[in-house]
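File shown: protein27.txt (compact mmCIF, N, CA and C atoms).
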```
# COMPACT_ATOMS: atom_id res chain seq x y z
N ILE A 253 208.04 76.57 130.82
CA ILE A 253 207.93 77.18 132.13
C ILE A 253 206.44 77.11 132.53
N ASN A 254 206.18 76.58 133.71
CA ASN A 254 204.79 76.43 134.12
C ASN A 254 204.26 77.70 134.80
N GLU A 255 203.04 77.60 135.33
CA GLU A 255 202.39 78.75 135.93
C GLU A 255 203.12 79.31 137.16
N LYS A 256 203.91 78.46 137.80
CA LYS A 256 204.64 78.88 139.01
C LYS A 256 206.05 79.38 138.68
N GLY A 257 206.38 79.45 137.39
CA GLY A 257 207.69 79.94 136.98
C GLY A 257 208.78 78.87 136.98
N GLY A 258 208.40 77.62 137.22
CA GLY A 258 209.38 76.53 137.25
C GLY A 258 209.43 75.79 135.93
N PHE A 259 210.52 75.06 135.76
CA PHE A 259 210.66 74.24 134.56
C PHE A 259 209.82 72.98 134.70
N GLU A 260 209.25 72.56 133.59
CA GLU A 260 208.42 71.37 133.58
C GLU A 260 208.68 70.62 132.27
N LEU A 261 209.01 69.36 132.37
CA LEU A 261 209.25 68.55 131.18
C LEU A 261 208.02 67.70 130.89
N GLN A 262 207.63 67.65 129.63
CA GLN A 262 206.48 66.86 129.21
C GLN A 262 206.86 66.06 127.97
N GLN A 263 206.41 64.82 127.93
CA GLN A 263 206.58 64.02 126.72
C GLN A 263 205.52 64.46 125.72
N TYR A 264 205.92 64.72 124.47
CA TYR A 264 204.99 65.20 123.47
C TYR A 264 205.24 64.52 122.14
N SER A 265 204.29 64.68 121.22
CA SER A 265 204.48 64.16 119.87
C SER A 265 204.00 65.22 118.88
N GLN A 266 204.64 65.24 117.72
CA GLN A 266 204.32 66.25 116.72
C GLN A 266 203.02 65.90 116.00
N ILE A 267 202.22 66.93 115.74
CA ILE A 267 201.03 66.77 114.92
C ILE A 267 201.48 67.00 113.47
N PRO A 268 201.32 66.01 112.61
CA PRO A 268 201.81 66.16 111.24
C PRO A 268 200.95 67.09 110.40
N THR A 269 201.57 67.89 109.60
CA THR A 269 200.94 68.74 108.59
C THR A 269 199.70 69.46 109.10
N VAL A 270 199.90 70.40 109.98
CA VAL A 270 198.80 71.20 110.50
C VAL A 270 198.19 72.03 109.38
N ALA A 271 196.89 71.95 109.23
CA ALA A 271 196.14 72.74 108.24
C ALA A 271 196.69 72.58 106.82
N GLY A 272 197.31 71.45 106.55
CA GLY A 272 197.79 71.18 105.21
C GLY A 272 199.03 71.96 104.80
N GLY A 273 199.67 72.65 105.73
CA GLY A 273 200.84 73.45 105.38
C GLY A 273 202.04 73.10 106.24
N ALA A 274 203.19 73.44 105.76
CA ALA A 274 204.42 73.14 106.47
C ALA A 274 204.88 74.29 107.36
N SER A 275 204.18 75.41 107.34
CA SER A 275 204.65 76.59 108.07
C SER A 275 204.14 76.67 109.52
N ILE A 276 203.32 75.73 109.93
CA ILE A 276 202.82 75.72 111.31
C ILE A 276 203.30 74.43 111.98
N ARG A 277 203.92 74.60 113.12
CA ARG A 277 204.39 73.44 113.90
C ARG A 277 203.49 73.31 115.12
N ALA A 278 203.13 72.06 115.44
CA ALA A 278 202.29 71.81 116.61
C ALA A 278 202.68 70.48 117.24
N PHE A 279 202.68 70.47 118.56
CA PHE A 279 203.02 69.29 119.33
C PHE A 279 201.97 69.09 120.40
N VAL A 280 201.54 67.86 120.61
CA VAL A 280 200.47 67.56 121.56
C VAL A 280 201.06 66.83 122.77
N PHE A 281 200.51 67.13 123.94
CA PHE A 281 200.91 66.44 125.16
C PHE A 281 199.76 66.47 126.17
N ASP A 282 199.83 65.59 127.16
CA ASP A 282 198.83 65.54 128.22
C ASP A 282 199.44 66.13 129.48
N ARG A 283 198.61 66.93 130.18
CA ARG A 283 199.09 67.60 131.38
C ARG A 283 197.91 67.83 132.31
N LEU A 284 198.03 67.37 133.53
CA LEU A 284 197.01 67.60 134.55
C LEU A 284 195.62 67.19 134.10
N GLY A 285 195.53 66.07 133.37
CA GLY A 285 194.25 65.53 132.94
C GLY A 285 193.63 66.22 131.73
N LYS A 286 194.38 67.10 131.09
CA LYS A 286 193.88 67.82 129.91
C LYS A 286 194.83 67.59 128.74
N THR A 287 194.33 67.86 127.55
CA THR A 287 195.14 67.77 126.34
C THR A 287 195.65 69.17 126.02
N TYR A 288 196.95 69.27 125.74
CA TYR A 288 197.57 70.55 125.38
C TYR A 288 198.21 70.44 124.01
N VAL A 289 198.21 71.55 123.29
CA VAL A 289 198.97 71.66 122.04
C VAL A 289 199.80 72.93 122.15
N VAL A 290 201.10 72.79 121.92
CA VAL A 290 201.96 73.96 121.79
C VAL A 290 202.19 74.14 120.29
N PHE A 291 202.00 75.37 119.80
CA PHE A 291 202.07 75.58 118.35
C PHE A 291 202.62 76.97 118.04
N TRP A 292 203.16 77.12 116.81
CA TRP A 292 203.70 78.40 116.36
C TRP A 292 203.83 78.37 114.84
N HIS A 293 204.03 79.55 114.28
CA HIS A 293 204.27 79.71 112.84
C HIS A 293 205.78 79.80 112.65
N THR A 294 206.30 79.12 111.65
CA THR A 294 207.75 79.06 111.47
C THR A 294 208.35 80.29 110.81
N SER A 295 207.52 81.07 110.11
CA SER A 295 208.12 82.18 109.37
C SER A 295 207.26 83.44 109.29
N GLY A 296 206.29 83.57 110.15
CA GLY A 296 205.44 84.75 110.09
C GLY A 296 204.25 84.62 110.99
N ALA A 297 203.08 84.87 110.44
CA ALA A 297 201.85 84.80 111.22
C ALA A 297 200.69 84.40 110.31
N ALA A 298 199.67 83.82 110.92
CA ALA A 298 198.46 83.43 110.20
C ALA A 298 197.35 83.27 111.22
N LYS A 299 196.20 82.92 110.75
CA LYS A 299 195.08 82.53 111.61
C LYS A 299 194.59 81.19 111.10
N ILE A 300 194.18 80.34 112.04
CA ILE A 300 193.60 79.06 111.65
C ILE A 300 192.23 78.93 112.29
N ALA A 301 191.36 78.19 111.62
CA ALA A 301 190.03 77.89 112.13
C ALA A 301 190.00 76.41 112.52
N LEU A 302 189.68 76.15 113.79
CA LEU A 302 189.60 74.79 114.30
C LEU A 302 188.14 74.41 114.53
N ASP A 303 187.76 73.26 114.05
CA ASP A 303 186.41 72.74 114.27
C ASP A 303 186.49 71.80 115.48
N ILE A 304 186.28 72.37 116.66
CA ILE A 304 186.30 71.60 117.90
C ILE A 304 184.92 71.72 118.53
N HIS A 305 184.33 70.59 118.82
CA HIS A 305 182.97 70.59 119.36
C HIS A 305 182.99 70.62 120.89
N SER A 306 183.49 71.70 121.40
CA SER A 306 183.54 71.91 122.85
C SER A 306 183.84 73.37 123.11
N ASP A 307 183.25 73.89 124.16
CA ASP A 307 183.59 75.25 124.58
C ASP A 307 184.65 75.21 125.66
N LYS A 308 185.21 74.03 125.89
CA LYS A 308 186.18 73.87 126.95
C LYS A 308 187.60 73.91 126.43
N ILE A 309 187.94 75.01 125.76
CA ILE A 309 189.32 75.22 125.34
C ILE A 309 189.77 76.58 125.86
N ARG A 310 191.06 76.67 126.10
CA ARG A 310 191.66 77.90 126.56
C ARG A 310 192.98 78.10 125.81
N LEU A 311 193.28 79.34 125.51
CA LEU A 311 194.49 79.68 124.78
C LEU A 311 195.39 80.49 125.70
N PHE A 312 196.69 80.17 125.69
CA PHE A 312 197.66 80.84 126.55
C PHE A 312 198.88 81.27 125.75
N LYS A 313 199.37 82.46 126.02
CA LYS A 313 200.69 82.88 125.51
C LYS A 313 201.76 82.24 126.39
N GLU A 314 201.51 82.30 127.69
CA GLU A 314 202.31 81.61 128.70
C GLU A 314 201.31 80.86 129.56
N LEU A 315 201.68 79.69 130.05
CA LEU A 315 200.75 78.93 130.89
C LEU A 315 200.30 79.79 132.05
N GLY A 316 198.99 79.83 132.28
CA GLY A 316 198.42 80.64 133.34
C GLY A 316 197.96 82.02 132.92
N LYS A 317 198.31 82.45 131.69
CA LYS A 317 197.93 83.78 131.20
C LYS A 317 197.08 83.61 129.94
N LYS A 318 195.75 83.59 130.14
CA LYS A 318 194.82 83.33 129.04
C LYS A 318 194.80 84.44 127.99
N ILE A 319 194.52 84.02 126.77
CA ILE A 319 194.30 84.92 125.63
C ILE A 319 192.86 84.65 125.18
N PRO A 320 192.08 85.67 124.86
CA PRO A 320 190.72 85.42 124.38
C PRO A 320 190.72 84.61 123.08
N VAL A 321 189.72 83.74 122.95
CA VAL A 321 189.55 82.92 121.76
C VAL A 321 188.25 83.33 121.09
N LYS A 322 188.31 83.58 119.78
CA LYS A 322 187.10 83.93 119.03
C LYS A 322 186.46 82.66 118.49
N LYS A 323 185.13 82.64 118.53
CA LYS A 323 184.39 81.53 117.93
C LYS A 323 183.43 82.13 116.91
N ILE A 324 183.56 81.68 115.66
CA ILE A 324 182.71 82.17 114.57
C ILE A 324 182.12 80.97 113.84
N LYS A 325 180.80 80.92 113.79
CA LYS A 325 180.09 79.85 113.08
C LYS A 325 180.58 78.47 113.47
N GLY A 326 180.76 78.24 114.76
CA GLY A 326 181.14 76.93 115.27
C GLY A 326 182.61 76.59 115.19
N GLU A 327 183.44 77.51 114.70
CA GLU A 327 184.88 77.26 114.62
C GLU A 327 185.62 78.24 115.52
N PHE A 328 186.67 77.76 116.14
CA PHE A 328 187.53 78.62 116.94
C PHE A 328 188.61 79.19 116.04
N ILE A 329 188.79 80.50 116.09
CA ILE A 329 189.79 81.18 115.27
C ILE A 329 190.99 81.48 116.16
N LEU A 330 192.13 80.90 115.81
CA LEU A 330 193.34 81.07 116.61
C LEU A 330 194.40 81.82 115.83
N PRO A 331 195.03 82.80 116.45
CA PRO A 331 196.19 83.43 115.83
C PRO A 331 197.38 82.48 115.94
N VAL A 332 198.18 82.43 114.90
CA VAL A 332 199.37 81.58 114.91
C VAL A 332 200.55 82.46 114.56
N GLY A 333 201.45 82.60 115.47
CA GLY A 333 202.66 83.41 115.28
C GLY A 333 203.71 82.87 116.22
N ASP A 334 203.94 83.62 117.31
CA ASP A 334 204.85 83.13 118.35
C ASP A 334 204.22 81.93 119.05
N ARG A 335 205.02 81.25 119.83
CA ARG A 335 204.57 80.04 120.53
C ARG A 335 203.38 80.34 121.45
N GLN A 336 202.37 79.47 121.36
CA GLN A 336 201.18 79.55 122.21
C GLN A 336 200.79 78.15 122.64
N TYR A 337 199.92 78.08 123.63
CA TYR A 337 199.44 76.81 124.15
C TYR A 337 197.92 76.78 124.09
N LEU A 338 197.37 75.68 123.60
CA LEU A 338 195.94 75.45 123.63
C LEU A 338 195.68 74.34 124.64
N GLU A 339 194.78 74.58 125.57
CA GLU A 339 194.38 73.58 126.56
C GLU A 339 192.96 73.17 126.22
N ALA A 340 192.69 71.86 126.18
CA ALA A 340 191.36 71.38 125.79
C ALA A 340 190.91 70.26 126.72
N ASP A 341 189.63 70.29 127.04
CA ASP A 341 189.03 69.23 127.84
C ASP A 341 188.35 68.21 126.94
N ILE A 342 189.02 67.82 125.89
CA ILE A 342 188.51 66.80 124.98
C ILE A 342 189.63 65.81 124.69
N PRO A 343 189.28 64.62 124.20
CA PRO A 343 190.31 63.60 123.97
C PRO A 343 191.41 64.05 123.00
N ARG A 344 192.58 63.53 123.24
CA ARG A 344 193.77 63.84 122.45
C ARG A 344 193.55 63.64 120.95
N ASP A 345 192.93 62.51 120.57
CA ASP A 345 192.74 62.23 119.14
C ASP A 345 191.84 63.26 118.47
N GLN A 346 190.87 63.82 119.19
CA GLN A 346 190.00 64.85 118.62
C GLN A 346 190.75 66.17 118.43
N VAL A 347 191.64 66.48 119.36
CA VAL A 347 192.44 67.70 119.24
C VAL A 347 193.40 67.58 118.06
N ILE A 348 194.05 66.43 117.93
CA ILE A 348 194.96 66.19 116.81
C ILE A 348 194.22 66.32 115.48
N ALA A 349 193.04 65.69 115.38
CA ALA A 349 192.25 65.77 114.15
C ALA A 349 191.87 67.21 113.82
N ALA A 350 191.52 67.98 114.85
CA ALA A 350 191.14 69.38 114.62
C ALA A 350 192.30 70.18 114.05
N PHE A 351 193.51 69.95 114.52
CA PHE A 351 194.68 70.69 113.99
C PHE A 351 195.02 70.21 112.58
N ILE A 352 194.94 68.92 112.33
CA ILE A 352 195.24 68.41 110.99
C ILE A 352 194.24 68.96 109.96
N ASN A 353 192.98 69.05 110.37
CA ASN A 353 191.92 69.50 109.48
C ASN A 353 191.63 70.99 109.57
N ALA A 354 192.44 71.74 110.28
CA ALA A 354 192.23 73.18 110.42
C ALA A 354 192.33 73.86 109.06
N ARG A 355 191.67 75.01 108.99
CA ARG A 355 191.74 75.83 107.78
C ARG A 355 192.61 77.04 108.05
N ILE A 356 193.53 77.34 107.14
CA ILE A 356 194.32 78.56 107.25
C ILE A 356 193.47 79.69 106.65
N LEU A 357 193.32 80.76 107.41
CA LEU A 357 192.49 81.89 106.95
C LEU A 357 193.36 82.96 106.30
```

Take the structure in this file and express it as C-alpha cells.
Amino acid sequence: INEKGGFELQQYSQIPTVAGGASIRAFVFDRLGKTYVVFWHTSGAAKIALDIHSDKIRLFKELGKKIPVKKIKGEFILPVGDRQYLEADIPRDQVIAAFINARIL
C-alpha cells in the first residue's frame, strides 16, 4: 500500500542471507528513482547494523510514515521485527551489499 492508500505492485528480488542468518527476510526494488528494501524478522525481533556510506536513508513502518534511524560509529542501527521499508538514495548493489554484510546485534 503506497502513501496514498492505494495498491502498488513492484518487481523485486530477494537479498540472500541477510546478516549471515536465515531469520531475516529482505527484498530489494526500485521505486521513484530510489532503492527500497522491504524486510522483516521471521520469528521474533533483532537489531542489525548496516554500514551504508550515506545519510540519505529513511526508514518506514508504512510508506510515508518515517521511523527515526539511529547512527552509531558510522553504522545505521535498524530494528527488525514486523515488516518495514528502507529507502536509500544510493545504488541498488550498495544497498544489497550492506544487508548481506550487516551485523546482527

Residues within 8 Å of Ser306 (chain A), please, as a PDB file with N, CA and C atoms, in the frame of the given file. Count all atoms listed in the file; anything in the same chain fewer than 6 positions from it doesn't count.
```pdb
ATOM      1  N   GLY A 326     180.760  78.240 114.760  1.00  0.00           N
ATOM      2  CA  GLY A 326     181.140  76.930 115.270  1.00  0.00           C
ATOM      3  C   GLY A 326     182.610  76.590 115.190  1.00  0.00           C
ATOM      4  N   ASP A 341     189.630  70.290 127.040  1.00  0.00           N
ATOM      5  CA  ASP A 341     189.030  69.230 127.840  1.00  0.00           C
ATOM      6  C   ASP A 341     188.350  68.210 126.940  1.00  0.00           C
ATOM      7  N   ILE A 342     189.020  67.820 125.890  1.00  0.00           N
ATOM      8  CA  ILE A 342     188.510  66.800 124.980  1.00  0.00           C
ATOM      9  C   ILE A 342     189.630  65.810 124.690  1.00  0.00           C
TER      10      ILE A 342
END
```

Exercise. Assign secondary structure with DSSP using the backbone only, and return the residues of chain A in alpha helix (DSSP H) as a PyMOL selection string.
Key: chain A and resi 344-352

Next, write the just-selected residues to a file, as an mmCIF file, keeping the file's coordinate frame, keeping N, CA and C atoms as the atom set.
```cif
data_model
loop_
_atom_site.group_PDB
_atom_site.id
_atom_site.type_symbol
_atom_site.label_atom_id
_atom_site.label_comp_id
_atom_site.auth_asym_id
_atom_site.auth_seq_id
_atom_site.Cartn_x
_atom_site.Cartn_y
_atom_site.Cartn_z
ATOM 1 N N ARG A 344 192.580 63.530 123.240
ATOM 2 C CA ARG A 344 193.770 63.840 122.450
ATOM 3 C C ARG A 344 193.550 63.640 120.950
ATOM 4 N N ASP A 345 192.930 62.510 120.570
ATOM 5 C CA ASP A 345 192.740 62.230 119.140
ATOM 6 C C ASP A 345 191.840 63.260 118.470
ATOM 7 N N GLN A 346 190.870 63.820 119.190
ATOM 8 C CA GLN A 346 190.000 64.850 118.620
ATOM 9 C C GLN A 346 190.750 66.170 118.430
ATOM 10 N N VAL A 347 191.640 66.480 119.360
ATOM 11 C CA VAL A 347 192.440 67.700 119.240
ATOM 12 C C VAL A 347 193.400 67.580 118.060
ATOM 13 N N ILE A 348 194.050 66.430 117.930
ATOM 14 C CA ILE A 348 194.960 66.190 116.810
ATOM 15 C C ILE A 348 194.220 66.320 115.480
ATOM 16 N N ALA A 349 193.040 65.690 115.380
ATOM 17 C CA ALA A 349 192.250 65.770 114.150
ATOM 18 C C ALA A 349 191.870 67.210 113.820
ATOM 19 N N ALA A 350 191.520 67.980 114.850
ATOM 20 C CA ALA A 350 191.140 69.380 114.620
ATOM 21 C C ALA A 350 192.300 70.180 114.050
ATOM 22 N N PHE A 351 193.510 69.950 114.520
ATOM 23 C CA PHE A 351 194.680 70.690 113.990
ATOM 24 C C PHE A 351 195.020 70.210 112.580
ATOM 25 N N ILE A 352 194.940 68.920 112.330
ATOM 26 C CA ILE A 352 195.240 68.410 110.990
ATOM 27 C C ILE A 352 194.240 68.960 109.960
#
```

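For the atom pair formed by atom N of Gly316 (chain A) and atom N of Ile253 (chain A), the distance is 9.7 Å, given to one decimal.
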
Mind listing the strand (DSSP E or B) residues of region 292-334 of chain A, per DSSP on the backbone, as a PDB file with N, CA and C atoms, in the coordinates of the input?
```
ATOM      1  N   TRP A 292     203.160  77.120 116.810  1.00  0.00           N
ATOM      2  CA  TRP A 292     203.700  78.400 116.360  1.00  0.00           C
ATOM      3  C   TRP A 292     203.830  78.370 114.840  1.00  0.00           C
ATOM      4  N   HIS A 293     204.030  79.550 114.280  1.00  0.00           N
ATOM      5  CA  HIS A 293     204.270  79.710 112.840  1.00  0.00           C
ATOM      6  C   HIS A 293     205.780  79.800 112.650  1.00  0.00           C
ATOM      7  N   ALA A 298     199.670  83.820 110.920  1.00  0.00           N
ATOM      8  CA  ALA A 298     198.460  83.430 110.200  1.00  0.00           C
ATOM      9  C   ALA A 298     197.350  83.270 111.220  1.00  0.00           C
ATOM     10  N   LYS A 299     196.200  82.920 110.750  1.00  0.00           N
ATOM     11  CA  LYS A 299     195.080  82.530 111.610  1.00  0.00           C
ATOM     12  C   LYS A 299     194.590  81.190 111.100  1.00  0.00           C
ATOM     13  N   ILE A 300     194.180  80.340 112.040  1.00  0.00           N
ATOM     14  CA  ILE A 300     193.600  79.060 111.650  1.00  0.00           C
ATOM     15  C   ILE A 300     192.230  78.930 112.290  1.00  0.00           C
ATOM     16  N   ALA A 301     191.360  78.190 111.620  1.00  0.00           N
ATOM     17  CA  ALA A 301     190.030  77.890 112.130  1.00  0.00           C
ATOM     18  C   ALA A 301     190.000  76.410 112.520  1.00  0.00           C
ATOM     19  N   LEU A 302     189.680  76.150 113.790  1.00  0.00           N
ATOM     20  CA  LEU A 302     189.600  74.790 114.300  1.00  0.00           C
ATOM     21  C   LEU A 302     188.140  74.410 114.530  1.00  0.00           C
ATOM     22  N   ILE A 309     187.940  75.010 125.760  1.00  0.00           N
ATOM     23  CA  ILE A 309     189.320  75.220 125.340  1.00  0.00           C
ATOM     24  C   ILE A 309     189.770  76.580 125.860  1.00  0.00           C
ATOM     25  N   ARG A 310     191.060  76.670 126.100  1.00  0.00           N
ATOM     26  CA  ARG A 310     191.660  77.900 126.560  1.00  0.00           C
ATOM     27  C   ARG A 310     192.980  78.100 125.810  1.00  0.00           C
ATOM     28  N   LEU A 311     193.280  79.340 125.510  1.00  0.00           N
ATOM     29  CA  LEU A 311     194.490  79.680 124.780  1.00  0.00           C
ATOM     30  C   LEU A 311     195.390  80.490 125.700  1.00  0.00           C
ATOM     31  N   PHE A 312     196.690  80.170 125.690  1.00  0.00           N
ATOM     32  CA  PHE A 312     197.660  80.840 126.550  1.00  0.00           C
ATOM     33  C   PHE A 312     198.880  81.270 125.750  1.00  0.00           C
ATOM     34  N   LYS A 313     199.370  82.460 126.020  1.00  0.00           N
ATOM     35  CA  LYS A 313     200.690  82.880 125.510  1.00  0.00           C
ATOM     36  C   LYS A 313     201.760  82.240 126.390  1.00  0.00           C
ATOM     37  N   GLU A 314     201.510  82.300 127.690  1.00  0.00           N
ATOM     38  CA  GLU A 314     202.310  81.610 128.700  1.00  0.00           C
ATOM     39  C   GLU A 314     201.310  80.860 129.560  1.00  0.00           C
ATOM     40  N   LYS A 317     198.310  82.450 131.690  1.00  0.00           N
ATOM     41  CA  LYS A 317     197.930  83.780 131.200  1.00  0.00           C
ATOM     42  C   LYS A 317     197.080  83.610 129.940  1.00  0.00           C
ATOM     43  N   LYS A 318     195.750  83.590 130.140  1.00  0.00           N
ATOM     44  CA  LYS A 318     194.820  83.330 129.040  1.00  0.00           C
ATOM     45  C   LYS A 318     194.800  84.440 127.990  1.00  0.00           C
ATOM     46  N   ILE A 319     194.520  84.020 126.770  1.00  0.00           N
ATOM     47  CA  ILE A 319     194.300  84.920 125.630  1.00  0.00           C
ATOM     48  C   ILE A 319     192.860  84.650 125.180  1.00  0.00           C
ATOM     49  N   LYS A 322     188.310  83.580 119.780  1.00  0.00           N
ATOM     50  CA  LYS A 322     187.100  83.930 119.030  1.00  0.00           C
ATOM     51  C   LYS A 322     186.460  82.660 118.490  1.00  0.00           C
ATOM     52  N   LYS A 323     185.130  82.640 118.530  1.00  0.00           N
ATOM     53  CA  LYS A 323     184.390  81.530 117.930  1.00  0.00           C
ATOM     54  C   LYS A 323     183.430  82.130 116.910  1.00  0.00           C
ATOM     55  N   ILE A 324     183.560  81.680 115.660  1.00  0.00           N
ATOM     56  CA  ILE A 324     182.710  82.170 114.570  1.00  0.00           C
ATOM     57  C   ILE A 324     182.120  80.970 113.840  1.00  0.00           C
ATOM     58  N   GLU A 327     183.440  77.510 114.700  1.00  0.00           N
ATOM     59  CA  GLU A 327     184.880  77.260 114.620  1.00  0.00           C
ATOM     60  C   GLU A 327     185.620  78.240 115.520  1.00  0.00           C
ATOM     61  N   PHE A 328     186.670  77.760 116.140  1.00  0.00           N
ATOM     62  CA  PHE A 328     187.530  78.620 116.940  1.00  0.00           C
ATOM     63  C   PHE A 328     188.610  79.190 116.040  1.00  0.00           C
ATOM     64  N   ILE A 329     188.790  80.500 116.090  1.00  0.00           N
ATOM     65  CA  ILE A 329     189.790  81.180 115.270  1.00  0.00           C
ATOM     66  C   ILE A 329     190.990  81.480 116.160  1.00  0.00           C
ATOM     67  N   LEU A 330     192.130  80.900 115.810  1.00  0.00           N
ATOM     68  CA  LEU A 330     193.340  81.070 116.610  1.00  0.00           C
ATOM     69  C   LEU A 330     194.400  81.820 115.830  1.00  0.00           C
ATOM     70  N   PRO A 331     195.030  82.800 116.450  1.00  0.00           N
ATOM     71  CA  PRO A 331     196.190  83.430 115.830  1.00  0.00           C
ATOM     72  C   PRO A 331     197.380  82.480 115.940  1.00  0.00           C
ATOM     73  N   VAL A 332     198.180  82.430 114.900  1.00  0.00           N
ATOM     74  CA  VAL A 332     199.370  81.580 114.910  1.00  0.00           C
ATOM     75  C   VAL A 332     200.550  82.460 114.560  1.00  0.00           C
TER      76      VAL A 332
END
```

Hey, can you pull every residue with an atom no more than 8 Å from (193.5, 70.0, 114.6), using only N, CA and C atoms, and send it as a compact mmCIF listing (two decimals) with N, CA and C atoms, in the coordinates of the input?
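This went into result20.txt:
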```txt
# COMPACT_ATOMS: atom_id res chain seq x y z
N VAL A 270 199.90 70.40 109.98
CA VAL A 270 198.80 71.20 110.50
C VAL A 270 198.19 72.03 109.38
N ALA A 271 196.89 71.95 109.23
CA ALA A 271 196.14 72.74 108.24
C ALA A 271 196.69 72.58 106.82
N ALA A 301 191.36 78.19 111.62
CA ALA A 301 190.03 77.89 112.13
C ALA A 301 190.00 76.41 112.52
N LEU A 302 189.68 76.15 113.79
CA LEU A 302 189.60 74.79 114.30
C LEU A 302 188.14 74.41 114.53
N ASP A 303 187.76 73.26 114.05
CA ASP A 303 186.41 72.74 114.27
C ASP A 303 186.49 71.80 115.48
N ILE A 304 186.28 72.37 116.66
CA ILE A 304 186.30 71.60 117.90
C ILE A 304 184.92 71.72 118.53
N ASP A 345 192.93 62.51 120.57
CA ASP A 345 192.74 62.23 119.14
C ASP A 345 191.84 63.26 118.47
N GLN A 346 190.87 63.82 119.19
CA GLN A 346 190.00 64.85 118.62
C GLN A 346 190.75 66.17 118.43
N VAL A 347 191.64 66.48 119.36
CA VAL A 347 192.44 67.70 119.24
C VAL A 347 193.40 67.58 118.06
N ILE A 348 194.05 66.43 117.93
CA ILE A 348 194.96 66.19 116.81
C ILE A 348 194.22 66.32 115.48
N ALA A 349 193.04 65.69 115.38
CA ALA A 349 192.25 65.77 114.15
C ALA A 349 191.87 67.21 113.82
N ALA A 350 191.52 67.98 114.85
CA ALA A 350 191.14 69.38 114.62
C ALA A 350 192.30 70.18 114.05
N PHE A 351 193.51 69.95 114.52
CA PHE A 351 194.68 70.69 113.99
C PHE A 351 195.02 70.21 112.58
N ILE A 352 194.94 68.92 112.33
CA ILE A 352 195.24 68.41 110.99
C ILE A 352 194.24 68.96 109.96
N ASN A 353 192.98 69.05 110.37
CA ASN A 353 191.92 69.50 109.48
C ASN A 353 191.63 70.99 109.57
N ALA A 354 192.44 71.74 110.28
CA ALA A 354 192.23 73.18 110.42
C ALA A 354 192.33 73.86 109.06
N ARG A 355 191.67 75.01 108.99
CA ARG A 355 191.74 75.83 107.78
C ARG A 355 192.61 77.04 108.05
```

For region 291-302 of chain A, supply N, CA, C and O atoms and report the output as a compact mmCIF listing (two decimals), in the frame of the given file.
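Output below, filename out_23.txt:
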```txt
# COMPACT_ATOMS: atom_id res chain seq x y z
N PHE A 291 202.00 75.37 119.80
CA PHE A 291 202.07 75.58 118.35
C PHE A 291 202.62 76.97 118.04
O PHE A 291 202.57 77.88 118.88
N TRP A 292 203.16 77.12 116.81
CA TRP A 292 203.70 78.40 116.36
C TRP A 292 203.83 78.37 114.84
O TRP A 292 203.75 77.33 114.20
N HIS A 293 204.03 79.55 114.28
CA HIS A 293 204.27 79.71 112.84
C HIS A 293 205.78 79.80 112.65
O HIS A 293 206.46 80.50 113.39
N THR A 294 206.30 79.12 111.65
CA THR A 294 207.75 79.06 111.47
C THR A 294 208.35 80.29 110.81
O THR A 294 209.55 80.53 110.93
N SER A 295 207.52 81.07 110.11
CA SER A 295 208.12 82.18 109.37
C SER A 295 207.26 83.44 109.29
O SER A 295 207.48 84.27 108.44
N GLY A 296 206.29 83.57 110.15
CA GLY A 296 205.44 84.75 110.09
C GLY A 296 204.25 84.62 110.99
O GLY A 296 204.37 84.24 112.14
N ALA A 297 203.08 84.87 110.44
CA ALA A 297 201.85 84.80 111.22
C ALA A 297 200.69 84.40 110.31
O ALA A 297 200.72 84.62 109.11
N ALA A 298 199.67 83.82 110.92
CA ALA A 298 198.46 83.43 110.20
C ALA A 298 197.35 83.27 111.22
O ALA A 298 197.57 83.46 112.43
N LYS A 299 196.20 82.92 110.75
CA LYS A 299 195.08 82.53 111.61
C LYS A 299 194.59 81.19 111.10
O LYS A 299 194.59 80.94 109.89
N ILE A 300 194.18 80.34 112.04
CA ILE A 300 193.60 79.06 111.65
C ILE A 300 192.23 78.93 112.29
O ILE A 300 191.96 79.49 113.35
N ALA A 301 191.36 78.19 111.62
CA ALA A 301 190.03 77.89 112.13
C ALA A 301 190.00 76.41 112.52
O ALA A 301 190.28 75.54 111.69
N LEU A 302 189.68 76.15 113.79
CA LEU A 302 189.60 74.79 114.30
C LEU A 302 188.14 74.41 114.53
O LEU A 302 187.39 75.16 115.17
```
